[in-house]
>>> print(open('run-v3.cif').read())   # mmCIF, N, CA and C atoms
data_entry
loop_
_atom_site.label_atom_id
_atom_site.label_comp_id
_atom_site.auth_asym_id
_atom_site.auth_seq_id
_atom_site.Cartn_x
_atom_site.Cartn_y
_atom_site.Cartn_z
N MET A 1 -29.25 -18.94 -0.71
CA MET A 1 -28.33 -18.98 -1.83
C MET A 1 -27.00 -18.38 -1.40
N LEU A 2 -25.91 -19.00 -1.81
CA LEU A 2 -24.58 -18.56 -1.45
C LEU A 2 -23.81 -18.22 -2.71
N GLU A 3 -23.28 -17.01 -2.77
CA GLU A 3 -22.45 -16.60 -3.89
C GLU A 3 -21.05 -16.30 -3.40
N ILE A 4 -20.08 -16.92 -4.04
CA ILE A 4 -18.68 -16.67 -3.69
C ILE A 4 -17.98 -16.17 -4.94
N TYR A 5 -17.38 -15.01 -4.83
CA TYR A 5 -16.66 -14.43 -5.95
C TYR A 5 -15.17 -14.72 -5.80
N ALA A 6 -14.48 -14.88 -6.92
CA ALA A 6 -13.06 -15.21 -6.90
C ALA A 6 -12.25 -14.21 -6.08
N ASP A 7 -12.63 -12.95 -6.10
CA ASP A 7 -11.90 -11.93 -5.35
C ASP A 7 -12.09 -12.06 -3.84
N ASP A 8 -13.11 -12.80 -3.41
CA ASP A 8 -13.41 -12.94 -1.99
C ASP A 8 -12.69 -14.13 -1.34
N VAL A 9 -12.03 -14.96 -2.13
CA VAL A 9 -11.41 -16.17 -1.62
C VAL A 9 -10.00 -15.88 -1.14
N LYS A 10 -9.69 -16.29 0.08
CA LYS A 10 -8.35 -16.15 0.64
C LYS A 10 -7.93 -17.49 1.20
N CYS A 11 -6.66 -17.77 1.12
CA CYS A 11 -6.13 -19.03 1.62
C CYS A 11 -5.03 -18.73 2.64
N SER A 12 -5.02 -19.48 3.71
CA SER A 12 -3.98 -19.32 4.72
C SER A 12 -3.77 -20.64 5.43
N HIS A 13 -2.70 -20.73 6.18
CA HIS A 13 -2.42 -21.94 6.96
C HIS A 13 -3.24 -21.91 8.24
N GLY A 14 -3.60 -23.07 8.71
CA GLY A 14 -4.33 -23.17 9.97
C GLY A 14 -3.60 -24.07 10.93
N SER A 15 -3.92 -23.94 12.17
CA SER A 15 -3.34 -24.82 13.17
C SER A 15 -4.28 -24.92 14.36
N THR A 16 -4.07 -25.95 15.13
CA THR A 16 -4.83 -26.14 16.35
C THR A 16 -3.84 -26.16 17.51
N VAL A 17 -4.15 -25.39 18.51
CA VAL A 17 -3.27 -25.32 19.67
C VAL A 17 -4.10 -25.68 20.90
N GLY A 18 -3.55 -26.51 21.72
CA GLY A 18 -4.27 -26.91 22.93
C GLY A 18 -3.31 -27.03 24.10
N GLN A 19 -3.85 -27.21 25.24
CA GLN A 19 -3.06 -27.35 26.45
C GLN A 19 -2.75 -28.83 26.69
N MET A 20 -1.66 -29.06 27.38
CA MET A 20 -1.34 -30.42 27.80
C MET A 20 -2.42 -30.88 28.76
N ASN A 21 -2.73 -32.14 28.72
CA ASN A 21 -3.71 -32.72 29.62
C ASN A 21 -3.09 -32.79 31.02
N GLU A 22 -3.52 -31.89 31.89
CA GLU A 22 -2.95 -31.81 33.23
C GLU A 22 -3.20 -33.08 34.04
N ASP A 23 -4.34 -33.72 33.82
CA ASP A 23 -4.63 -34.98 34.53
C ASP A 23 -3.65 -36.08 34.11
N ALA A 24 -3.37 -36.14 32.81
CA ALA A 24 -2.42 -37.15 32.33
C ALA A 24 -1.02 -36.87 32.86
N LEU A 25 -0.63 -35.59 32.87
CA LEU A 25 0.68 -35.22 33.42
C LEU A 25 0.77 -35.60 34.90
N PHE A 26 -0.28 -35.28 35.65
CA PHE A 26 -0.31 -35.60 37.07
C PHE A 26 -0.21 -37.10 37.29
N TYR A 27 -0.97 -37.88 36.52
CA TYR A 27 -0.96 -39.33 36.63
C TYR A 27 0.44 -39.89 36.43
N MET A 28 1.12 -39.42 35.36
CA MET A 28 2.46 -39.92 35.07
C MET A 28 3.47 -39.47 36.12
N ARG A 29 3.33 -38.23 36.58
CA ARG A 29 4.26 -37.71 37.60
C ARG A 29 4.12 -38.51 38.89
N GLN A 30 2.91 -38.93 39.24
CA GLN A 30 2.69 -39.71 40.46
C GLN A 30 3.28 -41.11 40.37
N ARG A 31 3.61 -41.51 39.17
CA ARG A 31 4.20 -42.83 38.96
C ARG A 31 5.70 -42.75 38.68
N GLY A 32 6.29 -41.61 39.03
CA GLY A 32 7.74 -41.47 38.95
C GLY A 32 8.31 -41.00 37.62
N ILE A 33 7.45 -40.61 36.70
CA ILE A 33 7.93 -40.11 35.40
C ILE A 33 8.19 -38.62 35.54
N SER A 34 9.35 -38.18 35.08
CA SER A 34 9.69 -36.75 35.18
C SER A 34 8.72 -35.92 34.34
N GLU A 35 8.63 -34.66 34.66
CA GLU A 35 7.73 -33.77 33.91
C GLU A 35 8.14 -33.70 32.44
N ALA A 36 9.44 -33.58 32.19
CA ALA A 36 9.92 -33.50 30.80
C ALA A 36 9.57 -34.77 30.02
N GLU A 37 9.77 -35.93 30.64
CA GLU A 37 9.47 -37.20 29.99
C GLU A 37 7.96 -37.35 29.78
N ALA A 38 7.17 -36.93 30.74
CA ALA A 38 5.71 -37.02 30.62
C ALA A 38 5.21 -36.15 29.47
N LYS A 39 5.76 -34.95 29.35
CA LYS A 39 5.37 -34.07 28.24
C LYS A 39 5.79 -34.67 26.91
N LEU A 40 6.97 -35.26 26.86
CA LEU A 40 7.45 -35.90 25.65
C LEU A 40 6.53 -37.06 25.26
N LEU A 41 6.10 -37.85 26.23
CA LEU A 41 5.19 -38.97 25.97
C LEU A 41 3.85 -38.49 25.42
N LEU A 42 3.31 -37.41 25.99
CA LEU A 42 2.03 -36.88 25.51
C LEU A 42 2.15 -36.32 24.09
N LYS A 43 3.23 -35.61 23.82
CA LYS A 43 3.44 -35.08 22.47
C LYS A 43 3.58 -36.22 21.47
N SER A 44 4.36 -37.22 21.84
CA SER A 44 4.58 -38.36 20.96
C SER A 44 3.27 -39.11 20.68
N ALA A 45 2.46 -39.29 21.71
CA ALA A 45 1.18 -39.98 21.54
C ALA A 45 0.26 -39.21 20.59
N PHE A 46 0.23 -37.89 20.74
CA PHE A 46 -0.62 -37.06 19.88
C PHE A 46 -0.17 -37.16 18.43
N ILE A 47 1.13 -37.00 18.20
CA ILE A 47 1.65 -37.03 16.83
C ILE A 47 1.52 -38.42 16.23
N THR A 48 1.78 -39.45 17.01
CA THR A 48 1.67 -40.82 16.51
C THR A 48 0.25 -41.12 16.04
N GLU A 49 -0.73 -40.63 16.77
CA GLU A 49 -2.13 -40.85 16.37
C GLU A 49 -2.40 -40.25 14.99
N VAL A 50 -1.82 -39.11 14.70
CA VAL A 50 -2.01 -38.47 13.40
C VAL A 50 -1.23 -39.22 12.32
N VAL A 51 0.03 -39.54 12.60
CA VAL A 51 0.88 -40.20 11.61
C VAL A 51 0.36 -41.59 11.28
N GLU A 52 -0.23 -42.28 12.23
CA GLU A 52 -0.75 -43.63 11.99
C GLU A 52 -1.87 -43.64 10.94
N CYS A 53 -2.44 -42.50 10.62
CA CYS A 53 -3.49 -42.42 9.59
C CYS A 53 -2.92 -42.46 8.18
N ILE A 54 -1.61 -42.34 8.04
CA ILE A 54 -0.98 -42.36 6.72
C ILE A 54 -0.97 -43.79 6.20
N PRO A 55 -1.59 -44.03 5.04
CA PRO A 55 -1.72 -45.41 4.56
C PRO A 55 -0.42 -46.03 4.03
N LEU A 56 0.52 -45.23 3.57
CA LEU A 56 1.77 -45.74 3.02
C LEU A 56 2.73 -46.08 4.16
N ALA A 57 2.94 -47.37 4.38
CA ALA A 57 3.70 -47.84 5.54
C ALA A 57 5.12 -47.29 5.59
N SER A 58 5.81 -47.24 4.47
CA SER A 58 7.20 -46.77 4.47
C SER A 58 7.28 -45.29 4.87
N LEU A 59 6.36 -44.49 4.39
CA LEU A 59 6.32 -43.07 4.76
C LEU A 59 5.96 -42.92 6.24
N ARG A 60 4.96 -43.67 6.67
CA ARG A 60 4.52 -43.62 8.07
C ARG A 60 5.67 -43.99 9.02
N ASP A 61 6.38 -45.06 8.69
CA ASP A 61 7.49 -45.50 9.54
C ASP A 61 8.61 -44.47 9.58
N ARG A 62 8.93 -43.89 8.44
CA ARG A 62 10.00 -42.88 8.38
C ARG A 62 9.60 -41.64 9.17
N LEU A 63 8.37 -41.20 9.05
CA LEU A 63 7.91 -40.04 9.79
C LEU A 63 7.95 -40.27 11.29
N LEU A 64 7.57 -41.46 11.73
CA LEU A 64 7.61 -41.77 13.16
C LEU A 64 9.03 -41.69 13.71
N VAL A 65 10.00 -42.18 12.93
CA VAL A 65 11.41 -42.10 13.34
C VAL A 65 11.85 -40.64 13.43
N LEU A 66 11.53 -39.85 12.40
CA LEU A 66 11.93 -38.45 12.37
C LEU A 66 11.27 -37.64 13.49
N VAL A 67 10.01 -37.88 13.73
CA VAL A 67 9.29 -37.17 14.79
C VAL A 67 9.90 -37.52 16.15
N ASP A 68 10.18 -38.80 16.37
CA ASP A 68 10.78 -39.22 17.63
C ASP A 68 12.13 -38.53 17.85
N ARG A 69 12.96 -38.51 16.81
CA ARG A 69 14.26 -37.86 16.92
C ARG A 69 14.12 -36.36 17.15
N ARG A 70 13.16 -35.75 16.48
CA ARG A 70 12.95 -34.30 16.64
C ARG A 70 12.49 -33.96 18.06
N LEU A 71 11.56 -34.73 18.58
CA LEU A 71 11.06 -34.49 19.93
C LEU A 71 12.15 -34.68 20.98
N LYS A 72 13.07 -35.59 20.73
CA LYS A 72 14.17 -35.84 21.66
C LYS A 72 15.30 -34.82 21.51
N GLY A 73 15.17 -33.91 20.52
CA GLY A 73 16.19 -32.89 20.31
C GLY A 73 17.36 -33.34 19.48
N GLU A 74 17.25 -34.50 18.86
CA GLU A 74 18.34 -35.01 18.03
C GLU A 74 18.38 -34.34 16.67
N LEU A 75 17.28 -33.78 16.23
CA LEU A 75 17.21 -33.08 14.95
C LEU A 75 16.81 -31.63 15.20
N SER A 76 17.66 -30.72 14.77
CA SER A 76 17.28 -29.32 14.90
C SER A 76 16.56 -28.85 13.65
N LYS A 77 16.74 -29.58 12.54
CA LYS A 77 16.02 -29.30 11.31
C LYS A 77 15.97 -30.58 10.49
N CYS A 78 15.18 -30.56 9.46
CA CYS A 78 15.01 -31.74 8.61
C CYS A 78 16.32 -32.09 7.91
N GLU A 79 16.58 -33.36 7.73
CA GLU A 79 17.75 -33.79 6.99
C GLU A 79 17.38 -33.90 5.51
N GLY A 80 18.10 -33.17 4.67
CA GLY A 80 17.86 -33.24 3.24
C GLY A 80 16.63 -32.49 2.77
N CYS A 81 16.04 -31.69 3.63
CA CYS A 81 14.84 -30.95 3.27
C CYS A 81 15.23 -29.65 2.58
N LYS A 82 14.67 -29.38 1.43
CA LYS A 82 14.97 -28.16 0.67
C LYS A 82 14.53 -26.92 1.43
N LEU A 83 13.47 -27.03 2.24
CA LEU A 83 12.97 -25.88 2.98
C LEU A 83 13.89 -25.47 4.12
N CYS A 84 14.62 -26.42 4.68
CA CYS A 84 15.47 -26.15 5.85
C CYS A 84 16.91 -25.82 5.50
N GLU A 85 17.27 -25.80 4.23
CA GLU A 85 18.67 -25.51 3.85
C GLU A 85 19.02 -24.07 4.11
#
>>> encode(input="run-v3.cif", output="structure tokens")
Amino acid sequence: MLEIYADDVKCSHGSTVGQMNEDALFYMRQRGISEAEAKLLLKSAFITEVVECIPLASLRDRLLVLVDRRLKGELSKCEGCKLCE
């Protein structure tokens, strides 16, 4: 039996952190891709896999554009975002 009391419940943000796939980096580097570009490709692939799960096509497409620009350093903060003002 499990009892959970309201005073025992806490909420916080979570995240997952992992290392770059060294084999994938090595593979790309051996084919003439710079380390910076290889890392950008891996980050983009990871984020794209997550964003592709969004069922609303217009939101998914907009997020992909924003993520791409952010990864390339074109955006230092969100445009029009109330949190970043």
>>> select_by_dssp(input="run-v3.cif", residues="range 9-80 of chain A", states="helix (DSSP H, G or I)", output="PyMOL selection string")
chain A and resi 22-30+35-51+57-71
>>> closest_residue(input="run-v3.cif", among="A:Glu37, A:Leu42, A:Ile47, A:Cys53", to="Val67 in chain A", atoms="only N, CA and C atoms")
A:Ile47
>>> atom_distance(input="run-v3.cif", atom1="atom C of Gln19 in chain A", atom2="atom N of Glu74 in chain A")
22.2 Å
>>> atom_distance(input="run-v3.cif", atom1="atom N of Leu71 in chain A", atom2="CA of Ser58 in chain A")
19.1 Å
>>> atom_distance(input="run-v3.cif", atom1="CA of Lys39 in chain A", atom2="atom N of Leu59 in chain A")
26.0 Å
>>> closest_residue(input="run-v3.cif", among="A:Val51, A:Ser44, A:Asn21, A:Tyr27", to="Leu63 in chain A", atoms="only N, CA and C atoms")
A:Val51
